[in-house]
$ cat coords-v6.tsv   # TSV, C-alpha atoms and all ligand atoms
chain	number	residue	atom	x	y	z
A	1	MET	CA	80.55	46.80	76.89
A	2	GLU	CA	82.60	47.84	79.86
A	3	LYS	CA	85.40	45.55	80.95
A	4	ASN	CA	83.94	45.12	84.42
A	5	LYS	CA	80.55	44.08	83.02
A	6	LYS	CA	82.16	41.47	80.74
A	7	LEU	CA	84.08	40.03	83.66
A	8	GLY	CA	80.91	39.95	85.73
A	9	ILE	CA	79.07	37.96	83.03
A	10	ILE	CA	81.96	35.47	82.73
A	11	PHE	CA	82.06	35.10	86.48
A	12	TYR	CA	78.32	34.65	87.03
A	13	LEU	CA	77.80	32.35	83.99
A	14	SER	CA	80.80	30.17	84.72
A	15	PHE	CA	79.70	29.48	88.25
A	16	PRO	CA	76.37	27.64	87.42
A	17	LEU	CA	78.12	25.94	84.48
A	18	LEU	CA	80.80	24.67	86.81
A	19	MET	CA	78.17	23.38	89.20
A	20	PHE	CA	76.31	21.74	86.32
A	21	PHE	CA	79.46	19.91	85.14
A	22	LEU	CA	80.31	18.80	88.62
A	23	PHE	CA	76.84	17.39	89.17
A	24	SER	CA	76.93	15.61	85.79
A	25	LEU	CA	80.33	14.14	86.65
A	26	PHE	CA	79.03	12.66	89.85
A	27	ALA	CA	75.85	11.44	88.12
A	28	LEU	CA	77.89	9.66	85.43
A	29	ALA	CA	80.37	8.31	87.90
A	30	SER	CA	77.60	6.69	89.88
A	31	SER	CA	75.80	5.23	86.78
A	32	GLU	CA	76.72	1.65	85.94
A	33	ARG	CA	75.68	2.05	82.27
A	34	THR	CA	78.48	4.45	81.51
A	35	TYR	CA	80.93	2.70	83.80
A	36	ASP	CA	83.15	1.66	80.90
A	37	LEU	CA	83.23	5.24	79.52
A	38	PHE	CA	84.22	6.64	82.93
A	39	PRO	CA	87.88	7.41	82.16
A	40	GLN	CA	86.97	9.47	79.00
A	41	TYR	CA	84.25	11.35	80.89
A	42	THR	CA	86.59	11.94	83.75
A	43	LEU	CA	89.14	13.41	81.37
A	44	ILE	CA	86.60	15.63	79.53
A	45	PHE	CA	85.06	16.86	82.76
A	46	SER	CA	88.45	17.41	84.33
A	47	ILE	CA	89.47	19.55	81.35
A	48	ALA	CA	86.11	21.39	81.50
A	49	PHE	CA	86.57	21.84	85.22
A	50	ILE	CA	90.08	23.22	84.78
A	51	VAL	CA	88.92	25.60	82.00
A	52	LEU	CA	85.99	26.87	84.05
A	53	PHE	CA	88.08	27.12	87.17
A	54	GLY	CA	90.62	29.07	85.13
A	55	LEU	CA	87.89	31.40	83.84
A	56	GLN	CA	86.62	31.94	87.38
A	57	PHE	CA	90.09	32.61	88.64
A	58	PHE	CA	90.70	35.06	85.79
A	59	ALA	CA	87.37	36.85	86.46
A	60	LEU	CA	88.02	37.01	90.18
A	61	ARG	CA	91.56	38.21	89.73
A	62	GLU	CA	90.49	40.90	87.25
A	63	LYS	CA	87.63	41.99	89.49
A	64	ILE	CA	89.16	41.75	92.92
A	65	MET	CA	92.80	42.62	92.36
A	66	PRO	CA	92.03	46.13	91.09
A	67	ARG	CA	90.02	46.64	94.26
A	68	PHE	CA	93.06	45.69	96.31
A	69	THR	CA	95.15	48.10	94.26
A	70	GLU	CA	92.47	50.77	94.69
A	71	VAL	CA	92.40	50.22	98.46
A	72	ASP	CA	96.17	50.39	98.51
A	73	THR	CA	96.19	53.63	96.52
A	74	LEU	CA	93.51	55.11	98.75
A	75	GLN	CA	95.43	54.13	101.86
A	76	LYS	CA	98.56	55.76	100.48
A	77	ALA	CA	96.60	58.92	99.58
A	78	LEU	CA	95.17	58.95	103.09
A	79	GLN	CA	98.64	58.62	104.60
A	80	ASN	CA	99.90	61.42	102.35
A	81	GLN	CA	96.96	63.54	103.41
A	82	GLU	CA	97.75	62.92	107.08
A	83	VAL	CA	101.36	63.92	106.51
A	84	GLY	CA	100.17	67.02	104.62
A	85	ALA	CA	97.72	67.93	107.41
A	86	LYS	CA	100.47	67.56	110.04
A	87	MET	CA	102.76	69.75	107.95
A	88	LEU	CA	100.02	72.39	107.61
A	89	ILE	CA	99.45	72.41	111.37
A	90	ARG	CA	103.19	72.81	111.92
A	91	LYS	CA	103.38	75.66	109.35
A	92	ASP	CA	100.35	77.29	110.95
A	93	LEU	CA	102.05	77.18	114.34
A	94	GLU	CA	105.24	78.58	112.85
A	95	LEU	CA	103.25	81.43	111.26
A	96	VAL	CA	101.48	82.20	114.55
A	97	ARG	CA	104.85	82.32	116.32
A	98	ALA	CA	106.39	84.48	113.56
A	99	ASN	CA	103.39	86.81	113.80
A	100	GLU	CA	103.77	87.07	117.56
A	101	LYS	CA	107.47	87.82	117.12
A	102	LEU	CA	106.66	90.53	114.55
A	103	ARG	CA	104.12	92.08	116.91
A	104	GLU	CA	106.71	92.08	119.69
A	105	LEU	CA	109.30	93.71	117.41
A	106	ASP	CA	106.69	96.22	116.24
A	107	ALA	CA	105.87	97.11	119.86
A	108	ILE	CA	109.61	97.52	120.63
A	109	LYS	CA	110.03	99.71	117.54
A	110	SER	CA	106.97	101.83	118.43
A	111	ASN	CA	108.26	102.20	121.95
A	112	PHE	CA	111.68	103.22	120.64
A	113	ILE	CA	110.15	105.86	118.30
A	114	SER	CA	108.00	107.17	121.11
A	115	VAL	CA	110.90	107.45	123.60
A	116	ALA	CA	113.27	108.92	120.98
A	117	ALA	CA	110.67	111.50	119.88
A	118	HIS	CA	109.95	112.49	123.48
A	119	GLN	CA	113.67	112.81	124.23
A	120	LEU	CA	114.21	114.91	121.11
A	121	ARG	CA	111.39	117.30	121.90
A	122	THR	CA	113.03	118.82	124.99
A	123	PRO	CA	116.38	119.85	123.39
A	124	LEU	CA	114.57	121.02	120.25
A	125	THR	CA	112.34	123.28	122.33
A	126	ALA	CA	115.41	124.56	124.19
A	127	ILE	CA	117.12	125.40	120.86
A	128	LYS	CA	113.96	127.15	119.70
A	129	TRP	CA	113.82	129.40	122.76
A	130	THR	CA	117.55	130.15	122.67
A	131	ILE	CA	117.45	131.23	119.00
A	132	ASP	CA	114.25	133.14	119.72
A	133	MET	CA	116.00	135.00	122.55
A	134	ILE	CA	119.04	135.91	120.40
A	135	LEU	CA	116.80	137.01	117.53
A	136	GLY	CA	114.84	139.15	120.00
A	137	GLY	CA	118.08	141.01	120.80
A	138	SER	CA	118.45	139.79	124.39
A	139	LEU	CA	122.15	139.14	123.83
A	140	GLY	CA	122.86	142.34	121.99
A	141	PRO	CA	122.28	143.68	118.50
A	142	LEU	CA	122.73	141.39	115.47
A	143	THR	CA	124.12	142.09	112.02
A	144	THR	CA	121.84	141.33	109.03
A	145	GLU	CA	124.03	138.39	108.16
A	146	GLN	CA	123.88	136.95	111.69
A	147	ARG	CA	120.11	137.42	111.73
A	148	GLY	CA	119.80	135.64	108.35
A	149	PHE	CA	121.78	132.61	109.55
A	150	LEU	CA	119.88	132.44	112.81
A	151	MET	CA	116.56	132.60	110.95
A	152	LYS	CA	117.59	129.61	108.83
A	153	GLY	CA	118.54	127.70	111.97
A	154	TYR	CA	115.22	128.62	113.57
A	155	GLU	CA	113.20	127.38	110.56
A	156	SER	CA	115.10	124.09	110.40
A	157	ASN	CA	114.53	123.62	114.11
A	158	GLU	CA	110.80	124.30	113.60
A	159	ARG	CA	110.67	121.61	110.89
A	160	MET	CA	112.35	119.17	113.26
A	161	ILE	CA	109.77	119.97	115.95
A	162	ILE	CA	106.92	119.35	113.46
A	163	LEU	CA	108.50	116.05	112.39
A	164	VAL	CA	108.98	114.86	115.97
A	165	ASN	CA	105.40	115.85	116.81
A	166	ASP	CA	104.11	113.99	113.72
A	167	MET	CA	106.05	110.91	114.81
A	168	LEU	CA	104.47	111.05	118.24
A	169	VAL	CA	100.96	111.56	116.80
A	170	ALA	CA	101.44	108.70	114.29
A	171	ASP	CA	102.66	106.44	117.08
A	172	ARG	CA	99.62	107.33	119.21
A	173	ALA	CA	97.29	106.78	116.24
A	174	GLU	CA	98.83	103.42	115.47
A	175	SER	CA	98.66	102.11	119.01
A	176	ASP	CA	95.12	103.47	119.47
A	177	ARG	CA	96.21	105.83	122.26
A	178	MET	CA	94.85	108.96	120.59
A	179	GLN	CA	92.26	110.69	122.80
A	180	TYR	CA	89.09	111.91	121.06
A	181	GLN	CA	86.57	114.45	122.31
A	182	PHE	CA	83.47	114.44	120.16
A	183	ALA	CA	81.08	117.38	119.94
A	184	PRO	CA	78.54	118.58	117.31
A	185	LEU	CA	80.07	121.01	114.85
A	186	GLN	CA	79.32	122.85	111.60
A	187	ILE	CA	82.09	121.66	109.28
A	188	VAL	CA	81.83	124.76	107.07
A	189	ASP	CA	82.93	126.97	109.99
A	190	LEU	CA	85.95	124.79	110.64
A	191	MET	CA	86.75	124.75	106.94
A	192	ASP	CA	86.68	128.59	106.77
A	193	ASN	CA	89.07	128.69	109.68
A	194	VAL	CA	91.58	126.32	108.09
A	195	LEU	CA	91.24	127.96	104.69
A	196	TYR	CA	92.16	131.31	106.23
A	197	GLU	CA	95.54	129.87	107.30
A	198	VAL	CA	96.22	127.86	104.14
A	199	THR	CA	95.37	130.75	101.80
A	200	THR	CA	98.51	132.64	102.96
A	201	LEU	CA	100.61	129.65	101.88
A	202	ALA	CA	98.70	129.38	98.58
A	203	ASN	CA	99.04	133.07	97.80
A	204	LYS	CA	102.82	132.85	98.23
A	205	LYS	CA	102.82	130.17	95.52
A	206	ASN	CA	100.25	131.86	93.32
A	207	VAL	CA	97.87	128.92	93.70
A	208	ALA	CA	94.17	129.86	93.70
A	209	ILE	CA	91.76	128.22	96.13
A	210	GLU	CA	88.08	128.17	95.22
A	211	VAL	CA	85.44	127.01	97.66
A	212	ALA	CA	82.06	126.02	96.23
A	213	PRO	CA	79.28	126.55	98.79
A	214	PRO	CA	77.14	123.43	99.39
A	215	SER	CA	73.85	123.36	97.41
A	216	THR	CA	71.88	122.77	100.64
A	217	PRO	CA	72.96	123.76	104.17
A	218	LEU	CA	75.07	121.03	105.71
A	219	PRO	CA	73.89	119.33	108.90
A	220	ARG	CA	76.17	119.40	111.96
A	221	VAL	CA	78.46	116.44	112.49
A	222	THR	CA	79.70	115.04	115.77
A	223	VAL	CA	83.48	115.16	115.55
A	224	ASP	CA	86.65	115.97	117.42
A	225	ALA	CA	87.16	119.49	116.04
A	226	GLU	CA	90.95	119.58	116.57
A	227	LYS	CA	91.47	116.26	114.82
A	228	ILE	CA	89.25	117.16	111.84
A	229	ARG	CA	91.05	120.50	111.62
A	230	ALA	CA	94.32	118.52	111.30
A	231	VAL	CA	92.73	116.43	108.51
A	232	LEU	CA	91.59	119.49	106.53
A	233	GLN	CA	94.90	121.23	107.10
A	234	ASN	CA	96.92	118.25	105.90
A	235	LEU	CA	94.85	117.72	102.76
A	236	LEU	CA	94.78	121.41	101.85
A	237	GLU	CA	98.47	121.96	102.60
A	238	ASN	CA	99.34	118.92	100.48
A	239	ALA	CA	97.21	120.28	97.64
A	240	VAL	CA	99.14	123.58	97.81
A	241	LYS	CA	102.55	121.87	98.26
A	242	TYR	CA	102.10	119.54	95.32
A	243	THR	CA	100.53	122.04	92.90
A	244	PRO	CA	102.93	124.11	90.79
A	245	GLU	CA	102.61	127.88	90.54
A	246	GLY	CA	99.53	129.11	88.73
A	247	GLY	CA	97.55	125.99	89.67
A	248	LYS	CA	94.08	125.78	91.16
A	249	ILE	CA	92.45	124.03	94.12
A	250	ASN	CA	88.70	123.42	94.36
A	251	VAL	CA	87.00	122.56	97.62
A	252	THR	CA	83.46	121.17	97.60
A	253	THR	CA	81.23	119.90	100.38
A	254	SER	CA	78.03	117.91	99.99
A	255	ALA	CA	75.70	115.82	102.11
A	256	THR	CA	73.80	112.56	101.77
A	257	PRO	CA	71.30	111.27	104.36
A	258	GLU	CA	74.15	109.24	105.90
A	259	SER	CA	77.21	111.45	105.72
A	260	ILE	CA	78.85	114.62	104.58
A	261	ARG	CA	81.56	114.51	101.95
A	262	ILE	CA	84.47	116.86	101.41
A	263	ALA	CA	86.45	116.88	98.17
A	264	ILE	CA	89.75	118.72	97.66
A	265	LYS	CA	90.76	118.80	94.01
A	266	ASP	CA	94.05	120.18	92.74
A	267	THR	CA	95.75	120.62	89.38
A	268	GLY	CA	99.09	119.44	90.76
A	269	ILE	CA	101.74	116.84	89.98
A	270	GLY	CA	99.46	113.82	90.61
A	271	ILE	CA	100.45	110.49	92.17
A	272	PRO	CA	102.18	107.87	89.97
A	273	GLU	CA	99.86	104.88	89.48
A	274	GLU	CA	102.36	102.32	90.76
A	275	GLN	CA	102.75	104.27	94.02
A	276	GLN	CA	99.07	104.90	94.71
A	277	LYS	CA	98.68	101.80	96.88
A	278	ASN	CA	101.33	103.09	99.33
A	279	ILE	CA	100.05	106.59	99.74
A	280	PHE	CA	98.50	106.08	103.21
A	281	SER	CA	101.50	104.12	104.54
A	282	ARG	CA	103.72	105.55	107.24
A	283	PHE	CA	106.73	107.55	105.95
A	284	PHE	CA	105.79	106.99	102.30
A	285	ARG	CA	106.58	109.80	99.87
A	286	ALA	CA	106.28	109.42	96.10
A	287	PRO	CA	109.48	110.22	94.15
A	288	ASN	CA	107.79	112.98	92.11
A	289	ALA	CA	106.78	114.68	95.39
A	290	ILE	CA	110.29	114.39	96.88
A	291	LYS	CA	111.67	115.97	93.70
A	292	ILE	CA	109.66	119.18	94.04
A	293	GLN	CA	109.36	119.28	97.84
A	294	THR	CA	112.32	117.88	99.74
A	295	ASP	CA	110.73	118.54	103.13
A	296	GLY	CA	108.05	116.19	104.35
A	297	SER	CA	107.65	113.32	106.76
A	298	GLY	CA	105.24	111.07	104.85
A	299	LEU	CA	103.21	110.85	108.06
A	300	GLY	CA	100.39	113.31	107.30
A	301	LEU	CA	98.16	110.99	105.27
A	302	PHE	CA	98.76	108.10	107.65
A	303	ILE	CA	97.52	110.24	110.56
A	304	THR	CA	94.69	111.70	108.44
A	305	LYS	CA	93.38	108.26	107.50
A	306	SER	CA	93.52	107.07	111.08
A	307	ILE	CA	91.51	110.12	112.26
A	308	VAL	CA	88.87	109.84	109.52
A	309	GLU	CA	88.38	106.14	110.19
A	310	LYS	CA	88.16	106.73	113.93
A	311	HIS	CA	85.18	108.98	113.13
A	312	GLY	CA	83.59	106.14	111.13
A	313	GLY	CA	84.34	107.89	107.83
A	314	LYS	CA	86.24	106.93	104.69
A	315	ILE	CA	89.09	108.53	102.78
A	316	TRP	CA	90.18	107.91	99.19
A	317	PHE	CA	91.57	109.70	96.17
A	318	GLU	CA	91.63	109.84	92.40
A	319	SER	CA	94.79	110.95	90.70
A	320	SER	CA	96.38	111.15	87.33
A	321	LEU	CA	100.04	111.91	86.87
A	322	GLY	CA	100.76	115.48	85.81
A	323	GLN	CA	97.04	116.37	85.81
A	324	GLY	CA	96.08	116.55	89.47
A	325	THR	CA	94.62	114.76	92.46
A	326	THR	CA	91.29	114.80	94.27
A	327	PHE	CA	91.14	113.64	97.88
A	328	TYR	CA	87.71	112.76	99.29
A	329	PHE	CA	86.66	112.02	102.83
A	330	THR	CA	83.32	111.39	104.49
A	331	LEU	CA	82.09	111.87	108.03
A	332	PRO	CA	78.98	109.96	109.09
A	333	LEU	CA	76.00	111.88	110.42
A	334	THR	CA	75.10	109.22	112.96
A	335	ASN	CA	77.82	108.69	115.54
B	1	LIG	P1	104.26	114.57	103.14
B	1	LIG	O1	103.38	115.55	102.43
B	1	LIG	O2	104.91	115.12	104.35
B	1	LIG	O3	105.23	113.90	102.23
B	1	LIG	P2	101.85	113.03	103.47
B	1	LIG	O4	101.63	111.81	104.29
B	1	LIG	O5	100.96	114.17	103.71
B	1	LIG	O6	103.35	113.38	103.71
B	1	LIG	O7	101.76	112.61	101.94
B	1	LIG	C1	102.38	111.41	101.53
B	1	LIG	C2	102.70	111.46	100.05
B	1	LIG	O8	101.49	111.45	99.30
B	1	LIG	C3	103.39	112.72	99.58
B	1	LIG	O9	104.79	112.68	99.83
B	1	LIG	C4	103.06	112.70	98.10
B	1	LIG	O10	103.90	111.78	97.43
B	1	LIG	C5	101.65	112.17	98.08
B	1	LIG	N1	100.62	113.23	98.03
B	1	LIG	C6	99.81	113.63	99.02
B	1	LIG	N2	98.96	114.59	98.61
B	1	LIG	C7	99.23	114.80	97.32
B	1	LIG	C8	98.69	115.65	96.31
B	1	LIG	N3	97.68	116.50	96.56
B	1	LIG	N4	99.20	115.59	95.06
B	1	LIG	C9	100.22	114.74	94.78
B	1	LIG	N5	100.77	113.90	95.67
B	1	LIG	C10	100.29	113.93	96.93
$ encode --input "coords-v6.tsv" --output "C-alpha cells"
Amino acid sequence: MEKNKKLGIIFYLSFPLLMFFLFSLFALASSERTYDLFPQYTLIFSIAFIVLFGLQFFALREKIMPRFTEVDTLQKALQNQEVGAKMLIRKDLELVRANEKLRELDAIKSNFISVAAHQLRTPLTAIKWTIDMILGGSLGPLTTEQRGFLMKGYESNERMIILVNDMLVADRAESDRMQYQFAPLQIVDLMDNVLYEVTTLANKKNVAIEVAPPSTPLPRVTVDAEKIRAVLQNLLENAVKYTPEGGKINVTTSATPESIRIAIKDTGIGIPEEQQKNIFSRFFRAPNAIKIQTDGSGLGLFITKSIVEKHGGKIWFESSLGQGTTFYFTLPLTN
C-alpha cells in the first residue's frame, strides 16, 4: 500500500476512535457506579488519548508537512523561472541590439565598397584609355618588348575593371538595388549567343562543349535578358575555367509545366565537400580552384544566385572532387 494511503487510514480511523474514547471518558466520569474506579479510568483514557493524539499528530505531520515542502519547492521553482524569464528577455534585447549594430556595420561596409569601387572605376578607365592610345601608336612607334609589357599592363587593368564592376553589381544585388526589365524570351537563342563567346575560351583550352537540344521545343520565359545572359556566362565560363585540358562540358535544357531547367555539367576539378556550403557566399573561392586559377573574385556565383532567385527560380549543384560538377538552375514559366 502506498505510504499516503496508510497515513490516511490511520488519520481517519484514529479520529472516530478518539471521539469514542472521549465520550466514554465523560460517560464514566459522570456515572456514580464507577466513581471509585475513576482514577484508573482517567489514567487509561489519558494514555489512550495521548497515544491517539500522537497518532493523529504523526499522520497530520506526514501528510501536511510534505505539502508545505512541495509548496515551498514549487514557489522556489516559480521564482527561478521568473529570474530565467527575465534573463531571457534581457538576452533577447541584447541580441536585437547586436543585430541592429551588425546591420548598421554591414550598411557602412556596403557603402564603403560602393564608394571605393566607384572611385576606382574612373582612374582604371583612364589607365585603360592611355594604354590603348600608346598601343595604337599615338605616341610613336613601339618596340616588340614595349608592346609586350604594355599588353600585360592592359590585361591586368582589364581584370581590375571586371573585379570593380563585379563588386558594384554584388553590392547592388545585396542591397536589392538591381534594376530588372522583364520581357518574354526564347532561352535557347540567348544560350546560342553566350555559347558563341564561351566557345572561343573553351577552344583555347581544348575543352569540348556539347549542347543537347531539348526533346520538345521550350516555351518562352519572361526574364531580364541581360541578367540571364550574365548567369549563363558565369556558369559556362566557370565550367571552362575549372575543367582541365581535354575535358568536356555538356549543356542540357528541359521543361516542366512550371519551369525550364538548364544544366551545365563539366568533367572538371569538382568542389571539395567541406567547401560546398560556402560556394554561393560573397568572395568565396575553394582552395583547389585558387590553385589552378589564381584570378577570380568569388563574386560570380553570389551574383548568379541573386539573379536566379529574383526571377523566382532556383540554383543548385552536384559535385564530386576530381570528377566534375553540374550546376542546375530553373526559371519559372509563370511570372
Ligand atoms: P570565381 O570563379 O571568380 O572564383 P565564382 O563566384 O564564379 O567566382 O565561383 C566561386 C567558387 O566556386 C570558385 O572559386 C570555385 O571554387 C567554385 N566553382 C564554381 N564553379 C565551379 C566549377 N564548375 N567547378 C569547380 N568549382 C567551381
$ residues_around --input "coords-v6.tsv" --residues "region 248-264 of chain A" --least-positions-apart "4" --cutoff "6 Å" --atoms "all atoms listed in the file" --output "ChimeraX atom specification"
/A:207-212,214,326-333
$ residues_near_ligand --input "coords-v6.tsv" --ligand "ligand LIG 1 (chain B)" --cutoff "6 Å" --atoms "only C-alpha atoms and all ligand atoms" --output "list in words"
Asn238, Ala239, Tyr242, Gly268, Ile269, Gly270, Ile271, Ile279, Phe284, Arg285, Ala286, Ala289, Gly296, Ser297, Gly298, Leu299, Gly300, Leu301, Phe302 and Thr325 of chain A
$ write_last_selection --input "coords-v6.tsv" --atoms "C-alpha atoms" --output "CSV table (one decimal), keeping the file's coordinate frame"
chain,number,residue,atom,x,y,z
A,238,ASN,CA,99.3,118.9,100.5
A,239,ALA,CA,97.2,120.3,97.6
A,242,TYR,CA,102.1,119.5,95.3
A,268,GLY,CA,99.1,119.4,90.8
A,269,ILE,CA,101.7,116.8,90.0
A,270,GLY,CA,99.5,113.8,90.6
A,271,ILE,CA,100.4,110.5,92.2
A,279,ILE,CA,100.0,106.6,99.7
A,284,PHE,CA,105.8,107.0,102.3
A,285,ARG,CA,106.6,109.8,99.9
A,286,ALA,CA,106.3,109.4,96.1
A,289,ALA,CA,106.8,114.7,95.4
A,296,GLY,CA,108.0,116.2,104.4
A,297,SER,CA,107.6,113.3,106.8
A,298,GLY,CA,105.2,111.1,104.8
A,299,LEU,CA,103.2,110.8,108.1
A,300,GLY,CA,100.4,113.3,107.3
A,301,LEU,CA,98.2,111.0,105.3
A,302,PHE,CA,98.8,108.1,107.6
A,325,THR,CA,94.6,114.8,92.5
$ residues_around --input "coords-v6.tsv" --residues "Ser110 (chain A)" --least-positions-apart "5" --cutoff "10 Å" --atoms "all atoms listed in the file" --output "PyMOL selection string"
chain A and resi 104-105+115-116+167-168+170-172+174-175
$ write_last_selection --input "coords-v6.tsv" --atoms "C-alpha atoms" --output "PDB file, in the coordinates of the input"
ATOM      1  CA  GLU A 104     106.710  92.080 119.690  1.00  0.00           C
ATOM      2  CA  LEU A 105     109.300  93.710 117.410  1.00  0.00           C
ATOM      3  CA  VAL A 115     110.900 107.450 123.600  1.00  0.00           C
ATOM      4  CA  ALA A 116     113.270 108.920 120.980  1.00  0.00           C
ATOM      5  CA  MET A 167     106.050 110.910 114.810  1.00  0.00           C
ATOM      6  CA  LEU A 168     104.470 111.050 118.240  1.00  0.00           C
ATOM      7  CA  ALA A 170     101.440 108.700 114.290  1.00  0.00           C
ATOM      8  CA  ASP A 171     102.660 106.440 117.080  1.00  0.00           C
ATOM      9  CA  ARG A 172      99.620 107.330 119.210  1.00  0.00           C
ATOM     10  CA  GLU A 174      98.830 103.420 115.470  1.00  0.00           C
ATOM     11  CA  SER A 175      98.660 102.110 119.010  1.00  0.00           C
TER      12      SER A 175
END
$ residues_near_point --input "coords-v6.tsv" --point "(88.1, 110.0, 105.7)" --cutoff "9 Å" --atoms "all atoms listed in the file" --output "ChimeraX atom specification"
/A:231,261-262,304-316,328-331
$ atom_distance --input "coords-v6.tsv" --atom1 "CA of Lys109 (chain A)" --atom2 "CA of Leu163 (chain A)"
17.2 Å
$ residues_around --input "coords-v6.tsv" --residues "region 122-127 of chain A" --least-positions-apart "4" --cutoff "12 Å" --atoms "only C-alpha atoms" --output "ChimeraX atom specification"
/A:115-118,131-134,150,153-165
$ atom_distance --input "coords-v6.tsv" --atom1 "CA of Pro213 (chain A)" --atom2 "CA of Ile228 (chain A)"
18.9 Å
$ atom_distance --input "coords-v6.tsv" --atom1 "CA of Thr294 (chain A)" --atom2 "CA of Glu273 (chain A)"
20.7 Å
$ closest_residue --input "coords-v6.tsv" --among "A:Gln276, A:Asn99, A:Thr216, A:Asn206" --to "Gly246 (chain A)" --atoms "all atoms listed in the file"
A:Asn206
$ residues_around --input "coords-v6.tsv" --residues "region 189-193 of chain A" --least-positions-apart "5" --cutoff "8 Å" --atoms "all atoms listed in the file" --output "PyMOL selection string"
chain A and resi 225+229+232
$ axis_aligned_box --input "coords-v6.tsv" --around "region 277-290 of chain A" --padding-each-side "5 Å" --output "JSON"
{"center_x": 104.4, "center_y": 108.2, "center_z": 99.7, "size_x": 21.8, "size_y": 22.9, "size_z": 25.1}
$ closest_residue --input "coords-v6.tsv" --among "A:Gly247, A:Ile113, A:Ile292, A:Leu321" --to "Gln275 (chain A)" --atoms "only C-alpha atoms"
A:Leu321
$ closest_residue --input "coords-v6.tsv" --among "A:Lys241, A:Pro66, A:Gln81, A:Phe317" --to "Asp295 (chain A)" --atoms "all atoms listed in the file"
A:Lys241
